[in-house]
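**Student:** Questions regarding the structure given below will be posed in turn.
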Amino acid sequence: QVHPVESGGGSVQPGGSLTLSCLMSGNTGSTNCMGWFRQVPGKRREGVAAIYLAEDGIYLADFVKGRFSISYDNAKTTVYLQMQNLKPEDTGTYYCAAGLGRIRSGGMWYDLQNFNTWGQGTQVTVSS
């Protein structure tokens with residue numbers, strides 16, 4: 001089983017950049033999807049970006065397109081979330097997740113049921 005471990009959070013000013021890293025420790029052989037989600041108090045966890053290996057797909061939420069990118073280094077078994085032009089509304093706890101799931105007919109890439117294991121989260125604060 002894979003155990004995601006996040007790092008790289010912090011505080012930045014609006015317009016700044018951060019890169020989050022997520023080490024997928026353990027056996028990644030069966031993993032199909034790896035993604036980043038974020039959550040603020042009182043709101044539901046929302047999908048930010050994901051990679052689906054079997055589908056050969058990279059997915060980004062509309063609210064981060066053009067600013068964020070996701071990548072996977074297979075040799076390091078590490079997923080990266082590169083964030084640029086950060087906005088105050090990007091503030092939140094960012095969670096890395098991995099799973100065996102595939103995108104079902106009628107389903108979405110950010111369906112939580114596709115992800116089996118979650119990291120502890122890393123805080124990102126965007127403020128002047």
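How things are named: the first chain in the structure tokens is A, the next is B, and so on; residues count from 1 in each chain; ligands count from 1 in the order shown.
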Determine, counting only C-alpha atoms, which protein, DNA and RNA residues have an atom within 7 Å of an atom of Ala61 of chain A; residues of the same chain fewer than 4 positions away are not included. Present the result as an MDAnalysis selection string.

**Tutor:** chainID A and resid 47:49 65

**Student:** Applying 9 Å and only C-alpha atoms, which residues near Gly8 of chain A remain after dropping the ones on its own chain fewer than 5 positions away? List them as JSON, numbers by chain.

**Tutor:** {"A": [18, 19, 20, 21, 22, 122, 123, 124]}

**Student:** How would the residues just chosen look if you wrote them out with N, CA, C and O atoms as a short mmCIF file (atom, residue, chain, number, x, y, z; two decimals), in the first residue's frame?

**Tutor:**
```cif
data_model
loop_
_atom_site.label_atom_id
_atom_site.label_comp_id
_atom_site.auth_asym_id
_atom_site.auth_seq_id
_atom_site.Cartn_x
_atom_site.Cartn_y
_atom_site.Cartn_z
N LEU A 18 4.85 28.42 -5.18
CA LEU A 18 5.23 27.34 -4.27
C LEU A 18 5.16 26.04 -5.05
O LEU A 18 4.35 25.90 -5.97
N THR A 19 5.99 25.10 -4.65
CA THR A 19 5.91 23.74 -5.21
C THR A 19 5.71 22.77 -4.06
O THR A 19 6.50 22.73 -3.12
N LEU A 20 4.64 22.02 -4.13
CA LEU A 20 4.37 20.97 -3.16
C LEU A 20 4.90 19.64 -3.69
O LEU A 20 4.79 19.37 -4.89
N SER A 21 5.44 18.83 -2.80
CA SER A 21 5.93 17.51 -3.17
C SER A 21 5.18 16.46 -2.38
O SER A 21 4.81 16.69 -1.22
N CYS A 22 5.00 15.31 -2.98
CA CYS A 22 4.33 14.21 -2.31
C CYS A 22 5.07 12.92 -2.63
O CYS A 22 5.01 12.42 -3.76
N THR A 122 -0.66 19.63 4.06
CA THR A 122 0.32 20.69 4.26
C THR A 122 -0.38 22.03 4.03
O THR A 122 -1.16 22.17 3.09
N GLN A 123 -0.08 23.00 4.88
CA GLN A 123 -0.79 24.27 4.83
C GLN A 123 -0.16 25.21 3.82
O GLN A 123 1.07 25.37 3.78
N VAL A 124 -1.01 25.84 3.03
CA VAL A 124 -0.59 26.89 2.10
C VAL A 124 -1.37 28.15 2.46
O VAL A 124 -2.60 28.12 2.51
#
```

**Student:** Quick one: everything within 9 Å of Gln13 of chain A, counting only C-alpha atoms, minus sequence neighbours fewer than 5 positions away in the same chain. Send it as a ChimeraX atom specification.

**Tutor:** /A:86-88,125-128

**Student:** Keeping only all heavy atoms, write those residues as a PDB file, in the first residue's frame.

**Tutor:**
```pdb
ATOM      1  N   LEU A  86      -0.120  32.718  -7.197  1.00  0.00           N
ATOM      2  CA  LEU A  86      -1.034  32.321  -6.131  1.00  0.00           C
ATOM      3  C   LEU A  86      -1.922  33.472  -5.706  1.00  0.00           C
ATOM      4  O   LEU A  86      -1.514  34.643  -5.696  1.00  0.00           O
ATOM      5  CB  LEU A  86      -0.241  31.785  -4.937  1.00  0.00           C
ATOM      6  CG  LEU A  86       0.291  30.365  -5.132  1.00  0.00           C
ATOM      7  CD1 LEU A  86       1.453  30.077  -4.211  1.00  0.00           C
ATOM      8  CD2 LEU A  86      -0.829  29.359  -4.912  1.00  0.00           C
ATOM      9  N   LYS A  87      -3.155  33.114  -5.352  1.00  0.00           N
ATOM     10  CA  LYS A  87      -4.157  34.082  -4.931  1.00  0.00           C
ATOM     11  C   LYS A  87      -4.577  33.787  -3.491  1.00  0.00           C
ATOM     12  O   LYS A  87      -4.452  32.642  -3.035  1.00  0.00           O
ATOM     13  CB  LYS A  87      -5.376  33.999  -5.846  1.00  0.00           C
ATOM     14  CG  LYS A  87      -5.074  34.190  -7.323  1.00  0.00           C
ATOM     15  CD  LYS A  87      -6.320  33.992  -8.165  1.00  0.00           C
ATOM     16  CE  LYS A  87      -6.025  34.170  -9.646  1.00  0.00           C
ATOM     17  NZ  LYS A  87      -7.233  33.983 -10.478  1.00  0.00           N
ATOM     18  N   PRO A  88      -5.085  34.770  -2.780  1.00  0.00           N
ATOM     19  CA  PRO A  88      -5.543  34.513  -1.402  1.00  0.00           C
ATOM     20  C   PRO A  88      -6.544  33.362  -1.319  1.00  0.00           C
ATOM     21  O   PRO A  88      -6.539  32.612  -0.330  1.00  0.00           O
ATOM     22  CB  PRO A  88      -6.170  35.850  -1.006  1.00  0.00           C
ATOM     23  CG  PRO A  88      -5.417  36.866  -1.803  1.00  0.00           C
ATOM     24  CD  PRO A  88      -5.163  36.198  -3.125  1.00  0.00           C
ATOM     25  N   THR A 125      -0.658  29.217   2.726  1.00  0.00           N
ATOM     26  CA  THR A 125      -1.291  30.483   3.075  1.00  0.00           C
ATOM     27  C   THR A 125      -0.816  31.565   2.119  1.00  0.00           C
ATOM     28  O   THR A 125       0.392  31.776   1.971  1.00  0.00           O
ATOM     29  CB  THR A 125      -0.957  30.891   4.517  1.00  0.00           C
ATOM     30  OG1 THR A 125      -1.387  29.856   5.417  1.00  0.00           O
ATOM     31  CG2 THR A 125      -1.664  32.183   4.891  1.00  0.00           C
ATOM     32  N   VAL A 126      -1.769  32.209   1.468  1.00  0.00           N
ATOM     33  CA  VAL A 126      -1.455  33.282   0.526  1.00  0.00           C
ATOM     34  C   VAL A 126      -2.027  34.573   1.091  1.00  0.00           C
ATOM     35  O   VAL A 126      -3.234  34.756   1.151  1.00  0.00           O
ATOM     36  CB  VAL A 126      -2.026  33.002  -0.865  1.00  0.00           C
ATOM     37  CG1 VAL A 126      -1.572  34.084  -1.853  1.00  0.00           C
ATOM     38  CG2 VAL A 126      -1.615  31.621  -1.353  1.00  0.00           C
ATOM     39  N   SER A 127      -1.147  35.459   1.508  1.00  0.00           N
ATOM     40  CA  SER A 127      -1.591  36.677   2.175  1.00  0.00           C
ATOM     41  C   SER A 127      -0.537  37.759   2.045  1.00  0.00           C
ATOM     42  O   SER A 127       0.662  37.473   2.021  1.00  0.00           O
ATOM     43  CB  SER A 127      -1.858  36.380   3.655  1.00  0.00           C
ATOM     44  OG  SER A 127      -2.156  37.564   4.358  1.00  0.00           O
ATOM     45  N   SER A 128      -1.009  38.981   1.971  1.00  0.00           N
ATOM     46  CA  SER A 128      -0.081  40.106   1.931  1.00  0.00           C
ATOM     47  C   SER A 128       0.162  40.649   3.337  1.00  0.00           C
ATOM     48  O   SER A 128       0.952  41.553   3.523  1.00  0.00           O
ATOM     49  CB  SER A 128      -0.634  41.211   1.028  1.00  0.00           C
ATOM     50  OG  SER A 128      -1.922  41.594   1.436  1.00  0.00           O
TER      51      SER A 128
END
```

**Student:** Looking at A:Trp109, A:Met34, A:Gly92, A:Leu100, which one is nearest to Asn74 of chain A, with distances taken over only C-alpha atoms?

**Tutor:**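 Closest to Asn74 of chain A, using only C-alpha atoms: A:Met34.
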
**Student:** Skip Val64 of chain A itself and residues of its chain fewer than 2 positions away, then list as a PyMOL selection string all residues within 9 Å of it, counting only C-alpha atoms.

**Tutor:** chain A and resi 48-49+60-62+66-69+83+90

**Student:** Looking at only C-alpha atoms, which of A:Ser71, A:Glu55, A:Gly99, A:Tyr80 is the one that sits closest to Thr28 of chain A?

**Tutor:**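 The shortest atom-to-atom distance to Thr28 of chain A comes from A:Gly99.
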
**Student:** Skipping near chain neighbours, those fewer than 2 positions away, what residues fall within 6 Å of Cys96 of chain A using only C-alpha atoms, listed as a PyMOL selection string?

**Tutor:** chain A and resi 35-36+118-119

**Student:** Take the residues just selected and output them with C-alpha atoms as a PDB file, in the first residue's frame.

**Tutor:**
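Result file part37.pdb:
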```pdb
ATOM      1  CA  GLY A  35      -3.786  13.794  -6.952  1.00  0.00           C
ATOM      2  CA  TRP A  36      -3.902  16.954  -4.927  1.00  0.00           C
ATOM      3  CA  TRP A 118      -4.300  10.249   1.962  1.00  0.00           C
ATOM      4  CA  GLY A 119      -1.448  12.261   3.358  1.00  0.00           C
TER       5      GLY A 119
END
```

**Student:** For atom CA of Thr117 of chain A and atom CA of Arg104 of chain A, quote the distance in Å rounded to one decimal.

**Tutor:**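 Spanning atom CA of Thr117 of chain A to atom CA of Arg104 of chain A is a straight-line distance of 18.6 Å.
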
**Student:** Measuring atom to atom with only C-alpha atoms, identify which of A:Thr77, A:Ser25, A:Gln39, A:Ser11 is nearest to Tyr95 of chain A.

**Tutor:** A:Gln39

**Student:** Using only C-alpha atoms, pick whichever of A:Asp56, A:Glu89, A:Asp73, A:Glu46 has the shortest atom-to-atom distance to Leu112 of chain A.

**Tutor:** A:Glu46

**Student:** For atom CA of Tyr52 of chain A and atom CA of Gly29 of chain A, determine how far apart the two atoms are, in Å to one decimal place.

**Tutor:** 13.5 Å

**Student:** Calculate how many Å separate atom CA of Ile70 of chain A from atom CA of Gly101 of chain A, rounding to one decimal.

**Tutor:** 18.4 Å

**Student:** In chain A, what's strand (DSSP E or B) per DSSP? Answer as a CSV table (one decimal) with N, CA, C and O atoms, in the first residue's frame?

**Tutor:**
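The resulting out36.csv:
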```csv
chain,number,residue,atom,x,y,z
A,2,VAL,N,0.4,2.3,-0.7
A,2,VAL,CA,1.1,3.5,-0.8
A,2,VAL,C,0.8,4.5,0.4
A,2,VAL,O,-0.4,4.5,0.8
A,3,HIS,N,1.8,5.2,0.9
A,3,HIS,CA,1.5,6.2,1.9
A,3,HIS,C,2.1,7.5,1.4
A,3,HIS,O,3.3,7.7,1.4
A,4,PRO,N,1.2,8.4,1.1
A,4,PRO,CA,1.6,9.7,0.6
A,4,PRO,C,2.1,10.6,1.8
A,4,PRO,O,1.5,10.7,2.8
A,5,VAL,N,3.2,11.3,1.5
A,5,VAL,CA,3.8,12.2,2.5
A,5,VAL,C,4.1,13.5,1.8
A,5,VAL,O,5.0,13.6,0.9
A,6,GLU,N,3.3,14.6,2.2
A,6,GLU,CA,3.5,15.9,1.6
A,6,GLU,C,4.6,16.7,2.2
A,6,GLU,O,4.9,16.5,3.4
A,7,SER,N,5.1,17.6,1.4
A,7,SER,CA,6.0,18.6,2.0
A,7,SER,C,6.0,19.8,1.0
A,7,SER,O,5.5,19.7,-0.1
A,10,GLY,N,3.7,26.5,2.9
A,10,GLY,CA,4.2,27.6,3.5
A,10,GLY,C,3.4,28.9,3.3
A,10,GLY,O,2.2,28.7,2.8
A,11,SER,N,4.0,30.0,3.6
A,11,SER,CA,3.3,31.3,3.4
A,11,SER,C,3.9,32.1,2.3
A,11,SER,O,5.1,32.2,2.2
A,12,VAL,N,3.1,32.6,1.4
A,12,VAL,CA,3.6,33.5,0.3
A,12,VAL,C,2.7,34.6,0.1
A,12,VAL,O,1.5,34.6,0.5
A,18,LEU,N,4.8,28.4,-5.2
A,18,LEU,CA,5.2,27.3,-4.3
A,18,LEU,C,5.2,26.0,-5.0
A,18,LEU,O,4.3,25.9,-6.0
A,19,THR,N,6.0,25.1,-4.7
A,19,THR,CA,5.9,23.7,-5.2
A,19,THR,C,5.7,22.8,-4.1
A,19,THR,O,6.5,22.7,-3.1
A,20,LEU,N,4.6,22.0,-4.1
A,20,LEU,CA,4.4,21.0,-3.2
A,20,LEU,C,4.9,19.6,-3.7
A,20,LEU,O,4.8,19.4,-4.9
A,21,SER,N,5.4,18.8,-2.8
A,21,SER,CA,5.9,17.5,-3.2
A,21,SER,C,5.2,16.5,-2.4
A,21,SER,O,4.8,16.7,-1.2
A,22,CYS,N,5.0,15.3,-3.0
A,22,CYS,CA,4.3,14.2,-2.3
A,22,CYS,C,5.1,12.9,-2.6
A,22,CYS,O,5.0,12.4,-3.8
A,23,LEU,N,5.8,12.4,-1.6
A,23,LEU,CA,6.5,11.2,-1.8
A,23,LEU,C,5.5,10.0,-1.6
A,23,LEU,O,4.8,9.9,-0.6
A,24,MET,N,5.4,9.2,-2.6
A,24,MET,CA,4.6,8.0,-2.5
A,24,MET,C,5.4,6.8,-2.0
A,24,MET,O,6.0,6.1,-2.8
A,25,SER,N,5.4,6.7,-0.7
A,25,SER,CA,6.2,5.6,-0.1
A,25,SER,C,5.4,4.3,-0.1
A,25,SER,O,4.2,4.3,0.0
A,26,GLY,N,6.2,3.2,-0.2
A,26,GLY,CA,5.5,1.9,-0.3
A,26,GLY,C,5.4,1.4,-1.7
A,26,GLY,O,6.1,1.8,-2.6
A,33,CYS,N,-4.1,6.4,-9.7
A,33,CYS,CA,-4.3,7.8,-9.7
A,33,CYS,C,-3.6,8.4,-8.5
A,33,CYS,O,-3.5,7.8,-7.5
A,34,MET,N,-3.1,9.6,-8.8
A,34,MET,CA,-2.4,10.4,-7.8
A,34,MET,C,-2.9,11.8,-7.9
A,34,MET,O,-3.0,12.3,-9.1
A,35,GLY,N,-3.2,12.5,-6.8
A,35,GLY,CA,-3.8,13.8,-7.0
A,35,GLY,C,-3.6,14.7,-5.8
A,35,GLY,O,-3.1,14.3,-4.7
A,36,TRP,N,-4.0,15.9,-6.0
A,36,TRP,CA,-3.9,17.0,-4.9
A,36,TRP,C,-5.3,17.5,-4.7
A,36,TRP,O,-6.0,17.8,-5.7
A,37,PHE,N,-5.7,17.6,-3.5
A,37,PHE,CA,-7.0,18.2,-3.1
A,37,PHE,C,-6.7,19.3,-2.1
A,37,PHE,O,-5.6,19.3,-1.4
A,38,ARG,N,-7.6,20.2,-1.9
A,38,ARG,CA,-7.5,21.2,-0.8
A,38,ARG,C,-8.8,21.4,-0.1
A,38,ARG,O,-9.9,21.1,-0.6
A,39,GLN,N,-8.6,21.9,1.1
A,39,GLN,CA,-9.8,22.1,2.0
A,39,GLN,C,-9.6,23.3,2.9
A,39,GLN,O,-8.4,23.5,3.4
A,46,GLU,N,-11.9,19.8,-2.1
A,46,GLU,CA,-12.1,19.9,-3.6
A,46,GLU,C,-10.8,19.5,-4.3
A,46,GLU,O,-9.7,19.6,-3.9
A,47,GLY,N,-11.0,18.9,-5.5
A,47,GLY,CA,-9.9,18.4,-6.3
A,47,GLY,C,-9.2,19.6,-7.0
A,47,GLY,O,-9.8,20.5,-7.5
A,48,VAL,N,-7.9,19.5,-6.9
A,48,VAL,CA,-7.1,20.6,-7.5
A,48,VAL,C,-6.4,20.1,-8.8
A,48,VAL,O,-6.5,20.7,-9.9
A,49,ALA,N,-5.8,18.9,-8.8
A,49,ALA,CA,-5.2,18.3,-9.9
A,49,ALA,C,-5.0,16.8,-9.7
A,49,ALA,O,-4.9,16.4,-8.6
A,50,ALA,N,-4.9,16.1,-10.8
A,50,ALA,CA,-4.7,14.6,-10.6
A,50,ALA,C,-4.0,14.1,-11.9
A,50,ALA,O,-4.2,14.6,-13.0
A,51,ILE,N,-3.4,12.9,-11.7
A,51,ILE,CA,-2.8,12.2,-12.8
A,51,ILE,C,-3.4,10.8,-12.7
A,51,ILE,O,-3.4,10.2,-11.7
A,52,TYR,N,-3.9,10.3,-13.9
A,52,TYR,CA,-4.4,9.0,-14.0
A,52,TYR,C,-3.6,8.2,-14.9
A,52,TYR,O,-3.5,8.5,-16.1
A,57,GLY,N,-3.9,10.4,-18.4
A,57,GLY,CA,-4.6,11.7,-18.3
A,57,GLY,C,-4.0,12.6,-17.2
A,57,GLY,O,-3.7,12.1,-16.1
A,58,ILE,N,-4.0,13.9,-17.5
A,58,ILE,CA,-3.6,14.9,-16.4
A,58,ILE,C,-4.8,15.8,-16.4
A,58,ILE,O,-5.3,16.3,-17.4
A,59,TYR,N,-5.3,16.1,-15.1
A,59,TYR,CA,-6.5,16.9,-15.0
A,59,TYR,C,-6.2,18.0,-14.0
A,59,TYR,O,-5.5,17.9,-13.0
A,60,LEU,N,-6.8,19.2,-14.3
A,60,LEU,CA,-6.7,20.4,-13.5
A,60,LEU,C,-8.0,21.0,-13.3
A,60,LEU,O,-8.8,21.0,-14.2
A,68,PHE,N,-1.4,26.4,-12.1
A,68,PHE,CA,-0.9,25.2,-11.5
A,68,PHE,C,-0.5,24.2,-12.5
A,68,PHE,O,-1.2,24.1,-13.6
A,69,SER,N,0.4,23.3,-12.2
A,69,SER,CA,0.7,22.1,-13.0
A,69,SER,C,1.0,20.9,-12.0
A,69,SER,O,1.5,21.2,-10.9
A,70,ILE,N,0.7,19.7,-12.5
A,70,ILE,CA,1.0,18.5,-11.7
A,70,ILE,C,1.9,17.6,-12.6
A,70,ILE,O,1.8,17.6,-13.8
A,71,SER,N,2.9,17.0,-11.9
A,71,SER,CA,3.8,16.1,-12.6
A,71,SER,C,4.2,14.9,-11.7
A,71,SER,O,4.0,15.0,-10.4
A,72,TYR,N,4.6,13.9,-12.2
A,72,TYR,CA,5.0,12.7,-11.5
A,72,TYR,C,6.4,12.3,-11.9
A,72,TYR,O,6.7,12.0,-13.1
A,73,ASP,N,7.3,12.1,-11.0
A,73,ASP,CA,8.7,11.6,-11.2
A,73,ASP,C,8.7,10.1,-10.8
A,73,ASP,O,8.7,9.8,-9.6
A,78,THR,N,7.5,10.5,-6.7
A,78,THR,CA,7.1,11.7,-6.1
A,78,THR,C,6.2,12.5,-7.1
A,78,THR,O,6.5,12.6,-8.3
A,79,VAL,N,5.1,13.0,-6.6
A,79,VAL,CA,4.2,13.8,-7.3
A,79,VAL,C,4.4,15.3,-6.9
A,79,VAL,O,4.5,15.6,-5.7
A,80,TYR,N,4.4,16.2,-7.9
A,80,TYR,CA,4.6,17.6,-7.6
A,80,TYR,C,3.4,18.4,-8.0
A,80,TYR,O,2.8,18.1,-9.0
A,81,LEU,N,3.2,19.4,-7.2
A,81,LEU,CA,2.2,20.4,-7.6
A,81,LEU,C,2.9,21.8,-7.7
A,81,LEU,O,3.3,22.3,-6.6
A,82,GLN,N,3.1,22.3,-8.9
A,82,GLN,CA,3.7,23.5,-9.0
A,82,GLN,C,2.7,24.6,-9.1
A,82,GLN,O,1.8,24.6,-10.0
A,83,MET,N,2.8,25.6,-8.2
A,83,MET,CA,1.7,26.6,-8.1
A,83,MET,C,2.4,28.0,-8.4
A,83,MET,O,3.4,28.3,-7.7
A,92,GLY,N,-5.3,27.2,2.0
A,92,GLY,CA,-6.0,26.0,2.5
A,92,GLY,C,-5.0,24.9,2.9
A,92,GLY,O,-3.8,25.1,2.7
A,93,THR,N,-5.5,23.8,3.3
A,93,THR,CA,-4.7,22.7,3.6
A,93,THR,C,-4.7,21.8,2.3
A,93,THR,O,-5.8,21.4,1.8
A,94,TYR,N,-3.6,21.5,1.8
A,94,TYR,CA,-3.5,20.7,0.6
A,94,TYR,C,-3.1,19.3,1.0
A,94,TYR,O,-2.2,19.0,1.7
A,95,TYR,N,-3.9,18.3,0.4
A,95,TYR,CA,-3.7,16.9,0.7
A,95,TYR,C,-3.3,16.2,-0.6
A,95,TYR,O,-3.9,16.4,-1.7
A,96,CYS,N,-2.4,15.3,-0.4
A,96,CYS,CA,-2.0,14.4,-1.5
A,96,CYS,C,-2.7,13.1,-1.3
A,96,CYS,O,-2.9,12.6,-0.2
A,97,ALA,N,-3.1,12.5,-2.4
A,97,ALA,CA,-3.8,11.2,-2.3
A,97,ALA,C,-3.4,10.3,-3.4
A,97,ALA,O,-3.0,10.7,-4.5
A,98,ALA,N,-3.6,9.0,-3.2
A,98,ALA,CA,-3.3,8.0,-4.2
A,98,ALA,C,-4.4,6.9,-4.2
A,98,ALA,O,-5.0,6.7,-3.1
A,99,GLY,N,-4.6,6.3,-5.3
A,99,GLY,CA,-5.6,5.3,-5.3
A,99,GLY,C,-5.5,4.3,-6.5
A,99,GLY,O,-4.7,4.5,-7.4
A,117,THR,N,-5.7,6.3,-0.3
A,117,THR,CA,-4.9,6.7,0.8
A,117,THR,C,-4.6,8.2,0.7
A,117,THR,O,-4.5,8.7,-0.4
A,118,TRP,N,-4.4,8.8,1.9
A,118,TRP,CA,-4.3,10.2,2.0
A,118,TRP,C,-3.1,10.6,2.9
A,118,TRP,O,-2.9,9.9,3.9
A,122,THR,N,-0.7,19.6,4.1
A,122,THR,CA,0.3,20.7,4.3
A,122,THR,C,-0.4,22.0,4.0
A,122,THR,O,-1.2,22.2,3.1
A,123,GLN,N,-0.1,23.0,4.9
A,123,GLN,CA,-0.8,24.3,4.8
A,123,GLN,C,-0.2,25.2,3.8
A,123,GLN,O,1.1,25.4,3.8
A,124,VAL,N,-1.0,25.8,3.0
A,124,VAL,CA,-0.6,26.9,2.1
A,124,VAL,C,-1.4,28.2,2.5
A,124,VAL,O,-2.6,28.1,2.5
A,125,THR,N,-0.7,29.2,2.7
A,125,THR,CA,-1.3,30.5,3.1
A,125,THR,C,-0.8,31.6,2.1
A,125,THR,O,0.4,31.8,2.0
A,126,VAL,N,-1.8,32.2,1.5
A,126,VAL,CA,-1.5,33.3,0.5
A,126,VAL,C,-2.0,34.6,1.1
A,126,VAL,O,-3.2,34.8,1.2
```

**Student:** Extract the full set of helix (DSSP H, G or I) residues from chain A according to DSSP on the backbone, and format it as an MDAnalysis selection string.

**Tutor:** chainID A and resid 62:64 88:90 112:114

**Student:** Taking into account only C-alpha atoms, which residue in the set A:Thr91, A:Gln84, A:Thr31, A:Pro14 is nearest to Asn116 of chain A?

**Tutor:**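 Among the listed residues, the smallest separation from Asn116 of chain A belongs to A:Thr31.
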
**Student:** Looking at only C-alpha atoms, which of A:Tyr110, A:Gln120, A:Ile103, A:Gly15 is the one that sits closest to Arg45 of chain A?

**Tutor:**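 Of all the options, A:Tyr110 lies closest to Arg45 of chain A.
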